[in-house]
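Enquirer: Submitted below is the structure of interest, expressed as structure tokens.
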Amino acid sequence: MLLLLLIFIFNEIPLIEVEGEFKKELPLHIISPSFKDDSLSDALSKEAGVTIRRYGTEGSFSLITIRGGSPSHTEFFLEGVPISLTPYSAVNVEDLPLQGIGRIEVAKDFIPSRFSTASIGGIINITLPDKGKPSFHYFRGEISSFKTLRTMGYSIRNFLSHSYFFYLDLFHTDGDFEYRNSNGTPFNPYDDYLSKRKNNHTNRVEFLGKYSYHPSGAISDISITANLFSKEQGIAGTDLLQAEKAGLKTERIFLVGEMKMERDKLSLSFQPFTGVQYETFSDPEGEVGLQKEEVKQEFLSWGMRVNSSINNFKKFQPSLSILYSGSRWESHWKKPSSFSFPALRNEMRFSSDFGFSVSERVFLIPQVVFYLSRTEGEGGILYLYKIEKDISSTHFSIMPSLSGILKFSSHSLTINAGRYVRIPSFFELMGDRGVWMGNPDLKPEEGIKGSIDWKGDFKKFSSSSGFFVRSLKNLISYTQNSQFTFIAENISRALIIGFEGSISANFSPLETGLNYTYLYPEDRGKISYLKGKKLPLQPSHELHYFLNLDFPKNFSFRYEFDLRGETFLDRANMRKIGLKTEHSVYLTKRITKGVRIHGYIENIADERQVDIYSIPLPGRRLGVKVEGEIM
Amino acid sequence: MKRGAFILAVIFFIGCEGEKKVEEVMPDVFVATTDYQTGSYSLLKMEDGNAWISNSPIPVHSDSVARYHDGYIYLIQRYGSDSIMVIDIKNRNFFSPVTEFSVGARTNPQDIAFAGNKAYVSRLQAKSLLVIDPLTGNKIKEIDLSRFADEDGIPEMAGMAVYNKRLFVALQILDENQFFWPPVGNGKLIEIDTDKDEILKEYKLNGKNPWSSSDSLLQFNDFIYLIEHGSSFDTTDGIVEKFNPSDGSLEKVTTEKDLGGDISDIAIFSEDKAFAVISDEKWNTKVVEFNLRTGKKTKEIFSPEGYSISDIEVDENLLLISYRPSKGKSGIIVVNADTGEVLTEEPIETSLPPFDIEVIK
């Protein structure tokens with residue numbers, strides 16, 4: 001109400017604009033990372049309804065959840081191509097390409113059929129930056145706390161019927177921050193001591209290249225995209241049990257081709273893709289788990305996506321998408337024993353939505369996703385008792401949904417409701433490397449989701465709010481166990497209710513904004529001591545505030561405030577963590593046209609509340625960054 | 001923190017039992033509980049097969065076992081915490097630990113045994129036995145046991161017992177370089193003089209892997225009973241032996257073949273009657289009664305599905321079973337130890353599923 005009152009006071013409502021022709025309205029949320037966003041998790045952490053859980057320093061490990069879901073609910077896309085089909089993206093946001101650049105599309109509830117999913121945790125689509133310019137070259141160099149160095153650059157060139165995009169990112173951090181070690185005795189503060197994080201380094205190299213050809217005939221666009229990624233990192237262990245030799249190496253190649261055909265009434269695209277990823281986990285001294293382990297994971301994926309959209313009807317716009325994907329996962333254990341688990345999965349997804357223009361202001365989008373999969377193989381290093389288990393299964397499900405959009409003036413009201421089903425991923429079934437344990441007994445999760453979202457844009461204000469509810473059966477959730485490893489488990493019933501709101505205002509030279517999310521995530525399962533408890537790691541309140549001020553002489557100042565409310569680190573709700581607040585400031589000076597220098601202090605008050613039990617986080621962080629661009 | 005926990009405890013006690021006041025209550029059973037993610041504990045006052053129960057509001061390590069000695073519970077917080085929490089029972093200071101001290105990161109403490117003013121801490125992943133002041137945790141000395149180890153250099157200390165000022169430490173002799181740490185030789189029992197803290201003798205056991213899932217070595221009628229569990233993947237290779245500390249002799253009591261499954265725990269009711277927790281080839285655990293003289297199984301007492309029984313203890317004429325099924329209610333099952341009749345219709349629910357039962361006597 002206060003918000004509406006403010007709007008009317010400022011009399012910001014513009015004239016009603018009526019669209020002359022039908023255009024299907026899809027409620028996608030767009031994020032453009034700001035200069036200070038070094039990573040995708042940085043950019044997303046400011047968004048209402050998005051929760052980030054960090055496992056350490058930048059570049060090491062982050063998990064993301066949207067609207068109370070679990071990390072594996074959110075599906076990731078690169079330029080519309082599903083990269084969640086490979087296991088890395090479903091878990092570690094830090095390994096995703098295009099860290100901190102480009103444009104991020106987020107669909108929290110209604111997901112357009114071109115993404116071929118009904119994911120309850122939404123989708124995140126990362127797109128290339130500034131494709132429209134004739135040529136654009138960007139460079140960034142940064143040095144920050146804990147011996148963190150990063151250089152990154154990209155180049156875009158459009159000439160005649162050709163265009164290319166190259167992106168190179170080099171990153172290193174020692175991650176050797178200090179923290180207070182409880183000595184394993186949290187009730188005895190007198191024996192605490194200061195420790196320095198060991199074996200917490202990350203070295204990462206990433207290349208992304210895209211070449212496009214734009215012929216003038218029926219085929220409008222042909223492109224090929226290649227992503228090469230290599231990372232070597234130490235695994236630091238817990239606060240008490242620091243590991244010194246455990247490590248993880250990740251290497252991958254991902255190739256996507258695309259051919260687009262666009263006619264007046266029809267657009268059609270074909271996207272073949274393939275990828276291979278290797279991960280080698282080494283724990284020669286059994287520092288992370290109890291076993292001395294070396295295991296190599298091999299993951300191969302391939303597939304084809306076909307998208308079509310028909311614009312032949314005045315009040316009706318159907319879209320169809322077919323996605324076939326195959327994936328092969330194999331764990332090669334070298335130590336302590338030599339054996340391997342191969343598994344194969346073939347998936348077919350068919351999705352379609354039909355946009356109806358009921359009137360000039362009302363749109364209805366019914367959608368259905370058909371999903372068929374066949375999994376074959378054995379898997380799971382599970383607890384101490386079972387070594388392998390048959391995970392072969394065939395699954396078919398239908399996921400209908402309906403979205404209604406009401407547009408009035410510059411406001412839109414969107415109502416979504418739909419069904420959702422997801423079978424466990426290979427990662428959840430088989431684990432990876434000691435830290436993440438497989439659970440071949442997992443059942444598919446399913447549920448219904450609903451939401452009401454409002455969005456309003458005014459001359460100097462923009463604002464949005466949303467209410468959402470999810471009722472879930474067999475929710476797949478990761479649980480931390482006593483050996484500080486994690487295992488995916490089914491929560492037989494869960495209810496998640498939430499509200500989110502955001503408002504931003506731009507009174508140049510001042511710009512300010514606030515996001516807030518409220519979550520009520522309840523475990524409604526059959527286990528008596530957990531029933532009624534809150535789902536862990538889902539804070540009831542999250543808030544992000546920012547203030548930008550531009551000063552004369554090319555100076556600008558930015559202040560950010562983040563608040564995370566109380567939450568629990570465990571399903572039993574016995575390990576409560578308190579309110580977490582962080583203040584950060586950023587100063588920018590434009591040196592010449594296209595060249596800027598930034599200095600920043602993040603987490604000024606050195607807040608040390610953890611996101612994950614026993615995994616310490618770095619506190620105050622200082623850095624300097626230089627960026628330049630040539631057009 | 002401590003004061004806050006104490007106030008919470010008082011509120012909890014009064015809230016749980018409207019007419020009873022906290023100062024009137026003296027629990028007789030301590031239960032370490034866990035869902036393997038978080039640990040806690042519950043205190044029970046047994047009343048004719050039922051129980052008055054109070055749950056701790058404070059979390060502890062998720063892999064913990066309890067030992068009672070001289071008015072205090074020593075909560076051994078195993079791998080990942082590697083510490084001991086001391087809880088004052090005799091002064092009814094139940095939820096505000098007296099102290100908590102480390103016994104060495106990554107050492108995985110298993111048991112604590114007491115002799116005079118000293119305590120001995122066996123540590124599964126250490127080479128030496130730790131000698132401490134039990135109420136402060138101050139280290140007195142370490143006794144190196146690495147000469148009894150196999151090739152991995154670690155002797156894998158497990159349960160202990162003190163008899164006439166002599167400490168007996170069971171060594172599991174596992175190979176930590178292989179999956180699930182299989183036993184590589186017969187287990188050993190080391191005798192230590194607790195006055196001089198010197199190793200006196202080594203006894204070679206007749207079975208492998210002297211097991212201390214959650215308990216110290218069981219003592220009954222001047223004998224020390226050892227569960228020599230063998231491999232966790234073989235339901236026929238384990239035995240129970242009794243050791244006579246007076247003459248160092250060993251005698252077989254029963255076998256996994258006799259009882260019908262992998263033995264993980266025993267509890268003795270009388271000279272004739274004992275109980276065991278066994279698991280069959282499908283990993284279903286059950287409680288069976290057996291004759292302590294003949295070693296033969298006499299009765300099945302409690303046979304739920306799944307690997308759901310973690311501990312049993314005899315408390316006077318009751319047998320207490322720590323029952324933690326994957327579905328449904330978990331808690332303490334009470335059995336009449338004399339007749340074998342299950343007295344509880346439903347498990348007596350603890351804060352989290354029970355793991356280790358410690359009778360406070």
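Going by the structure tokens order, chains are called A, B, ..., each with residues numbered from 1, while ligands are numbered from 1 in the order shown.
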Return as a list in words the residues belonging to chain B that are within 6 Å of chain A, counting only C-alpha atoms.

Expert: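 The complete set of qualifying residues is Tyr36, Gln37, Pro59, Ser62, Ser81, Glu100, Gln178 and Phe179 of chain B.
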
Enquirer: Could you pull out the helix (DSSP H, G or I) residues of region 81-233 of chain A, going by DSSP on the backbone, and write them as an mmCIF file with C-alpha atoms, in the first residue's frame?

Expert:
```cif
data_model
loop_
_atom_site.group_PDB
_atom_site.id
_atom_site.type_symbol
_atom_site.label_atom_id
_atom_site.label_comp_id
_atom_site.auth_asym_id
_atom_site.auth_seq_id
_atom_site.Cartn_x
_atom_site.Cartn_y
_atom_site.Cartn_z
ATOM 1 C CA TYR A 88 28.611 -29.127 -12.908
ATOM 2 C CA SER A 89 26.113 -26.368 -13.419
ATOM 3 C CA ALA A 90 23.487 -27.946 -11.237
ATOM 4 C CA VAL A 93 27.582 -21.632 -9.874
ATOM 5 C CA GLU A 94 31.234 -20.587 -9.818
ATOM 6 C CA ASP A 95 32.010 -22.932 -12.701
ATOM 7 C CA SER A 113 8.625 -23.537 -23.695
ATOM 8 C CA ARG A 114 11.889 -22.778 -25.487
ATOM 9 C CA PHE A 115 13.668 -23.891 -22.325
ATOM 10 C CA PRO A 189 35.426 -20.402 23.871
ATOM 11 C CA TYR A 190 38.614 -20.381 25.932
ATOM 12 C CA ASP A 191 40.449 -22.839 23.708
#
```

Enquirer: I want to know what sits within 10 Å of Glu542 (chain A), based on only C-alpha atoms, with residues of the same chain fewer than 2 positions away left out; could you give that as a list of chain:residue names?

Expert: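 Near Glu542 (chain A), the qualifying residues are A:Ser45, A:Lys46, A:Glu47, A:Ala48, A:Gly49, A:Val50, A:Thr51, A:Glu500, A:Asn515, A:Tyr516, A:Thr517, A:Tyr518, A:Leu519, A:Gln538, A:Pro539, A:Ser540, A:His544, A:Asp562, A:Leu563, A:Arg564, A:Gly565, A:Glu566, A:Leu579, A:Lys580, A:Thr581.
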
Enquirer: For the residues in that selection, give me N, CA and C atoms as a tab-separated table (two decimals), in the first residue's frame.

Expert:
```tsv
chain	number	residue	atom	x	y	z
A	45	SER	N	22.88	-12.63	-6.20
A	45	SER	CA	22.63	-12.54	-4.76
A	45	SER	C	21.81	-11.32	-4.39
A	46	LYS	N	21.75	-10.34	-5.26
A	46	LYS	CA	20.98	-9.13	-4.96
A	46	LYS	C	19.53	-9.26	-5.36
A	47	GLU	N	19.21	-10.34	-6.00
A	47	GLU	CA	17.86	-10.48	-6.52
A	47	GLU	C	16.90	-11.00	-5.46
A	48	ALA	N	15.71	-10.45	-5.47
A	48	ALA	CA	14.68	-10.96	-4.57
A	48	ALA	C	14.37	-12.40	-4.95
A	49	GLY	N	14.21	-13.24	-3.95
A	49	GLY	CA	13.84	-14.63	-4.19
A	49	GLY	C	15.00	-15.55	-4.52
A	50	VAL	N	16.22	-14.99	-4.57
A	50	VAL	CA	17.39	-15.81	-4.90
A	50	VAL	C	18.29	-15.91	-3.68
A	51	THR	N	18.64	-17.13	-3.28
A	51	THR	CA	19.51	-17.34	-2.12
A	51	THR	C	20.81	-17.98	-2.58
A	500	GLU	N	8.09	-11.79	-2.17
A	500	GLU	CA	9.27	-10.99	-2.49
A	500	GLU	C	8.83	-9.65	-3.06
A	515	ASN	N	15.56	-4.81	-2.29
A	515	ASN	CA	14.89	-6.10	-2.55
A	515	ASN	C	14.66	-6.80	-1.24
A	516	TYR	N	13.53	-7.46	-1.12
A	516	TYR	CA	13.25	-8.18	0.12
A	516	TYR	C	12.56	-9.50	-0.23
A	517	THR	N	12.92	-10.54	0.49
A	517	THR	CA	12.28	-11.85	0.30
A	517	THR	C	11.91	-12.43	1.66
A	518	TYR	N	10.69	-12.90	1.76
A	518	TYR	CA	10.27	-13.64	2.95
A	518	TYR	C	9.99	-15.08	2.53
A	519	LEU	N	10.49	-16.02	3.31
A	519	LEU	CA	10.28	-17.44	2.99
A	519	LEU	C	9.75	-18.19	4.20
A	538	GLN	N	17.39	-21.94	4.53
A	538	GLN	CA	16.42	-21.09	3.84
A	538	GLN	C	16.00	-20.00	4.82
A	539	PRO	N	16.71	-18.88	4.84
A	539	PRO	CA	16.39	-17.83	5.81
A	539	PRO	C	15.00	-17.24	5.57
A	540	SER	N	14.36	-16.90	6.66
A	540	SER	CA	13.01	-16.33	6.55
A	540	SER	C	13.04	-14.96	5.88
A	544	HIS	N	18.31	-6.79	0.38
A	544	HIS	CA	19.46	-6.16	-0.25
A	544	HIS	C	19.10	-4.71	-0.56
A	562	ASP	N	23.47	-5.88	2.84
A	562	ASP	CA	22.81	-7.19	2.72
A	562	ASP	C	22.45	-7.70	4.10
A	563	LEU	N	21.27	-8.21	4.20
A	563	LEU	CA	20.80	-8.79	5.46
A	563	LEU	C	20.26	-10.18	5.19
A	564	ARG	N	20.70	-11.12	5.99
A	564	ARG	CA	20.11	-12.46	5.94
A	564	ARG	C	19.57	-12.76	7.33
A	565	GLY	N	18.32	-13.10	7.41
A	565	GLY	CA	17.69	-13.35	8.70
A	565	GLY	C	18.16	-14.66	9.30
A	566	GLU	N	17.64	-14.94	10.47
A	566	GLU	CA	18.01	-16.19	11.15
A	566	GLU	C	17.61	-17.40	10.29
A	579	LEU	N	21.19	-13.44	12.73
A	579	LEU	CA	21.11	-12.40	11.70
A	579	LEU	C	22.51	-12.11	11.14
A	580	LYS	N	22.58	-11.98	9.83
A	580	LYS	CA	23.86	-11.67	9.20
A	580	LYS	C	23.70	-10.38	8.40
A	581	THR	N	24.55	-9.43	8.66
A	581	THR	CA	24.47	-8.18	7.91
A	581	THR	C	25.84	-7.86	7.32
```

Enquirer: CA of Pro616 (chain A) and CA of His541 (chain A), how far apart in Å?

Expert: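 Straight-line distance from CA of His541 (chain A) to CA of Pro616 (chain A) works out to 21.7 Å.
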
Enquirer: Looking only at strand (DSSP E) from DSSP on the backbone, list the matching residues of region 381-582 of chain A as a PyMOL selection string.

Expert: chain A and resi 389-390+393-408+411-422+436-437+445-457+461-480+486-507+510-523+541-551+555-564+567-568+576-577+580-582

Enquirer: Would you put the residues from that selection into a file with C-alpha atoms, as a short mmCIF file (atom, residue, chain, number, x, y, z; two decimals), in the first residue's frame?

Expert:
```
data_model
loop_
_atom_site.label_atom_id
_atom_site.label_comp_id
_atom_site.auth_asym_id
_atom_site.auth_seq_id
_atom_site.Cartn_x
_atom_site.Cartn_y
_atom_site.Cartn_z
CA LYS A 389 22.74 -50.50 -6.68
CA ASP A 390 20.79 -50.78 -9.89
CA SER A 393 14.39 -46.87 -14.61
CA THR A 394 12.01 -45.48 -17.18
CA HIS A 395 10.12 -42.34 -16.38
CA PHE A 396 7.34 -40.47 -18.11
CA SER A 397 5.55 -37.43 -16.85
CA ILE A 398 3.30 -34.65 -18.06
CA MET A 399 3.68 -31.19 -16.60
CA PRO A 400 0.90 -28.78 -17.51
CA SER A 401 0.84 -25.16 -16.46
CA LEU A 402 -1.13 -22.03 -17.07
CA SER A 403 -0.01 -18.46 -16.99
CA GLY A 404 -2.23 -15.42 -17.19
CA ILE A 405 -0.94 -11.93 -17.75
CA LEU A 406 -2.87 -8.75 -17.20
CA LYS A 407 -1.28 -5.59 -18.53
CA PHE A 408 -2.47 -2.16 -17.66
CA HIS A 411 2.01 -2.53 -14.95
CA SER A 412 1.71 -6.24 -15.41
CA LEU A 413 0.14 -8.84 -13.21
CA THR A 414 1.12 -12.45 -13.82
CA ILE A 415 -0.54 -15.49 -12.33
CA ASN A 416 1.07 -18.90 -12.75
CA ALA A 417 0.12 -22.39 -11.70
CA GLY A 418 1.62 -25.65 -12.79
CA ARG A 419 2.79 -29.15 -12.05
CA TYR A 420 6.38 -30.14 -11.77
CA VAL A 421 8.26 -33.46 -11.82
CA ARG A 422 12.01 -34.08 -11.79
CA TRP A 436 29.01 -35.43 -2.30
CA MET A 437 27.64 -38.89 -1.70
CA GLU A 445 10.31 -35.35 -6.82
CA GLU A 446 7.07 -33.75 -7.84
CA GLY A 447 4.86 -30.92 -6.82
CA ILE A 448 2.66 -28.05 -7.76
CA LYS A 449 3.69 -24.44 -7.87
CA GLY A 450 1.76 -21.23 -8.02
CA SER A 451 2.61 -17.57 -8.01
CA ILE A 452 1.22 -14.10 -8.41
CA ASP A 453 3.66 -11.46 -9.59
CA TRP A 454 3.18 -7.77 -10.15
CA LYS A 455 5.59 -5.49 -11.93
CA GLY A 456 5.36 -1.77 -12.50
CA ASP A 457 7.63 0.64 -14.34
CA PHE A 461 10.57 4.14 -10.25
CA SER A 462 10.38 0.51 -10.98
CA SER A 463 8.88 -1.96 -8.64
CA SER A 464 7.82 -5.56 -8.42
CA SER A 465 6.36 -7.96 -5.92
CA GLY A 466 5.44 -11.60 -5.92
CA PHE A 467 3.74 -14.21 -3.82
CA PHE A 468 4.57 -17.84 -4.42
CA VAL A 469 3.70 -21.24 -3.04
CA ARG A 470 5.10 -24.71 -3.69
CA SER A 471 3.76 -27.98 -2.39
CA LEU A 472 6.33 -30.71 -2.91
CA LYS A 473 6.47 -34.45 -2.59
CA ASN A 474 9.79 -36.27 -2.25
CA LEU A 475 11.73 -33.04 -2.42
CA ILE A 476 15.37 -33.87 -3.15
CA SER A 477 17.54 -31.97 -0.74
CA TYR A 478 21.21 -32.21 0.20
CA THR A 479 21.92 -33.01 3.84
CA GLN A 480 25.22 -32.53 5.58
CA PHE A 486 26.69 -34.31 1.82
CA ILE A 487 24.05 -36.66 0.59
CA ALA A 488 20.87 -36.08 -1.39
CA GLU A 489 17.75 -37.22 0.44
CA ASN A 490 14.03 -37.18 -0.26
CA ILE A 491 11.89 -35.06 2.05
CA SER A 492 8.55 -36.77 1.67
CA ARG A 493 6.49 -33.57 1.94
CA ALA A 494 7.42 -29.91 1.99
CA LEU A 495 5.59 -26.64 1.76
CA ILE A 496 7.24 -23.41 0.70
CA ILE A 497 5.41 -20.11 0.87
CA GLY A 498 7.07 -16.83 0.15
CA PHE A 499 6.79 -13.20 -0.71
CA GLU A 500 9.27 -10.99 -2.49
CA GLY A 501 9.28 -7.35 -3.35
CA SER A 502 11.63 -4.86 -4.91
CA ILE A 503 11.65 -1.17 -5.58
CA SER A 504 14.22 1.01 -7.23
CA ALA A 505 14.35 4.69 -8.01
CA ASN A 506 16.56 6.76 -10.27
CA PHE A 507 16.86 10.46 -9.50
CA LEU A 510 21.16 9.30 -7.19
CA GLU A 511 19.95 5.79 -7.77
CA THR A 512 18.69 3.52 -5.04
CA GLY A 513 16.92 0.21 -4.67
CA LEU A 514 15.72 -2.39 -2.21
CA ASN A 515 14.89 -6.10 -2.55
CA TYR A 516 13.25 -8.18 0.12
CA THR A 517 12.28 -11.85 0.30
CA TYR A 518 10.27 -13.64 2.95
CA LEU A 519 10.28 -17.44 2.99
CA TYR A 520 8.35 -19.97 5.01
CA PRO A 521 9.78 -23.38 4.11
CA GLU A 522 8.26 -26.18 6.19
CA ASP A 523 9.19 -29.84 6.35
CA HIS A 541 14.16 -12.85 5.61
CA GLU A 542 16.63 -11.60 3.04
CA LEU A 543 17.16 -8.00 2.11
CA HIS A 544 19.46 -6.16 -0.25
CA TYR A 545 19.77 -2.39 -0.45
CA PHE A 546 21.95 -0.25 -2.70
CA LEU A 547 22.64 3.42 -3.19
CA ASN A 548 24.55 4.89 -6.14
CA LEU A 549 25.76 8.45 -6.19
CA ASP A 550 27.50 10.14 -9.11
CA PHE A 551 29.76 13.04 -8.22
CA PHE A 555 33.63 10.01 -9.34
CA SER A 556 30.88 7.69 -8.26
CA PHE A 557 30.07 6.00 -4.98
CA ARG A 558 28.05 2.90 -4.26
CA TYR A 559 26.90 1.53 -0.93
CA GLU A 560 25.39 -1.92 -0.48
CA PHE A 561 23.72 -3.52 2.49
CA ASP A 562 22.81 -7.19 2.72
CA LEU A 563 20.80 -8.79 5.46
CA ARG A 564 20.11 -12.46 5.94
CA THR A 567 18.09 -19.63 9.67
CA PHE A 568 18.98 -23.19 10.56
CA LYS A 576 20.49 -21.89 14.48
CA ILE A 577 22.51 -19.07 13.00
CA LYS A 580 23.86 -11.67 9.20
CA THR A 581 24.47 -8.18 7.91
CA GLU A 582 27.10 -6.94 5.49
#
```

Enquirer: Taking 6 positions as the minimum chain separation for residues in the same chain, which residues sit within 6 Å of region 593-598 of chain A when counting only C-alpha atoms? Answer as a list in words.

Expert: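 These residues fall inside the cut-off: Leu587, Val624, Lys625, Val626, Glu627, Gly628 and Glu629 of chain A.
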
Enquirer: So, with only C-alpha atoms as the atoms that count, which of B:Thr298, B:Ser102, B:Gly340, B:Asp70 lies closest to Asp192 (chain A)?

Expert: B:Ser102

Enquirer: Find the residues near region 339-345 of chain A: any atom within 7 Å, counting only C-alpha atoms, skip ones fewer than 3 places away on the same chain, and give them as a VMD selection string.

Expert: chain A and resid 326 to 334 373 to 379

Enquirer: Output N, CA and C atoms for every residue in that selection, as a PDB file, in the first residue's frame.

Expert:
```
ATOM      1  N   GLY A 326      21.298 -37.024 -24.556  1.00  0.00           N
ATOM      2  CA  GLY A 326      21.849 -38.265 -24.024  1.00  0.00           C
ATOM      3  C   GLY A 326      23.005 -37.920 -23.113  1.00  0.00           C
ATOM      4  N   SER A 327      23.226 -38.720 -22.115  1.00  0.00           N
ATOM      5  CA  SER A 327      24.363 -38.448 -21.237  1.00  0.00           C
ATOM      6  C   SER A 327      24.910 -39.759 -20.697  1.00  0.00           C
ATOM      7  N   ARG A 328      26.193 -39.772 -20.570  1.00  0.00           N
ATOM      8  CA  ARG A 328      26.863 -40.964 -20.050  1.00  0.00           C
ATOM      9  C   ARG A 328      27.778 -40.531 -18.919  1.00  0.00           C
ATOM     10  N   TRP A 329      27.648 -41.175 -17.799  1.00  0.00           N
ATOM     11  CA  TRP A 329      28.421 -40.829 -16.607  1.00  0.00           C
ATOM     12  C   TRP A 329      29.219 -42.057 -16.204  1.00  0.00           C
ATOM     13  N   GLU A 330      30.469 -41.861 -15.914  1.00  0.00           N
ATOM     14  CA  GLU A 330      31.246 -42.991 -15.415  1.00  0.00           C
ATOM     15  C   GLU A 330      32.184 -42.516 -14.317  1.00  0.00           C
ATOM     16  N   SER A 331      32.138 -43.216 -13.212  1.00  0.00           N
ATOM     17  CA  SER A 331      33.063 -42.940 -12.102  1.00  0.00           C
ATOM     18  C   SER A 331      34.155 -43.998 -12.135  1.00  0.00           C
ATOM     19  N   HIS A 332      35.376 -43.563 -12.294  1.00  0.00           N
ATOM     20  CA  HIS A 332      36.510 -44.497 -12.266  1.00  0.00           C
ATOM     21  C   HIS A 332      37.209 -44.336 -10.922  1.00  0.00           C
ATOM     22  N   TRP A 333      37.051 -45.299 -10.059  1.00  0.00           N
ATOM     23  CA  TRP A 333      37.741 -45.250  -8.767  1.00  0.00           C
ATOM     24  C   TRP A 333      39.123 -45.860  -8.922  1.00  0.00           C
ATOM     25  N   LYS A 334      40.124 -45.139  -8.473  1.00  0.00           N
ATOM     26  CA  LYS A 334      41.488 -45.660  -8.527  1.00  0.00           C
ATOM     27  C   LYS A 334      41.966 -46.061  -7.135  1.00  0.00           C
ATOM     28  N   SER A 373      12.218 -40.413 -20.053  1.00  0.00           N
ATOM     29  CA  SER A 373      13.643 -40.720 -19.879  1.00  0.00           C
ATOM     30  C   SER A 373      13.840 -42.199 -19.609  1.00  0.00           C
ATOM     31  N   ARG A 374      15.003 -42.654 -19.963  1.00  0.00           N
ATOM     32  CA  ARG A 374      15.402 -44.024 -19.643  1.00  0.00           C
ATOM     33  C   ARG A 374      16.816 -43.967 -19.073  1.00  0.00           C
ATOM     34  N   THR A 375      16.969 -44.508 -17.881  1.00  0.00           N
ATOM     35  CA  THR A 375      18.281 -44.529 -17.217  1.00  0.00           C
ATOM     36  C   THR A 375      18.713 -45.975 -17.045  1.00  0.00           C
ATOM     37  N   GLU A 376      19.967 -46.236 -17.322  1.00  0.00           N
ATOM     38  CA  GLU A 376      20.506 -47.582 -17.118  1.00  0.00           C
ATOM     39  C   GLU A 376      21.838 -47.492 -16.417  1.00  0.00           C
ATOM     40  N   GLY A 377      22.048 -48.361 -15.469  1.00  0.00           N
ATOM     41  CA  GLY A 377      23.359 -48.388 -14.836  1.00  0.00           C
ATOM     42  C   GLY A 377      23.276 -48.735 -13.362  1.00  0.00           C
ATOM     43  N   GLU A 378      24.420 -48.686 -12.751  1.00  0.00           N
ATOM     44  CA  GLU A 378      24.532 -48.927 -11.320  1.00  0.00           C
ATOM     45  C   GLU A 378      25.251 -47.738 -10.717  1.00  0.00           C
ATOM     46  N   GLY A 379      24.970 -47.495  -9.444  1.00  0.00           N
ATOM     47  CA  GLY A 379      25.678 -46.354  -8.880  1.00  0.00           C
ATOM     48  C   GLY A 379      25.554 -46.250  -7.390  1.00  0.00           C
TER      49      GLY A 379
END
```
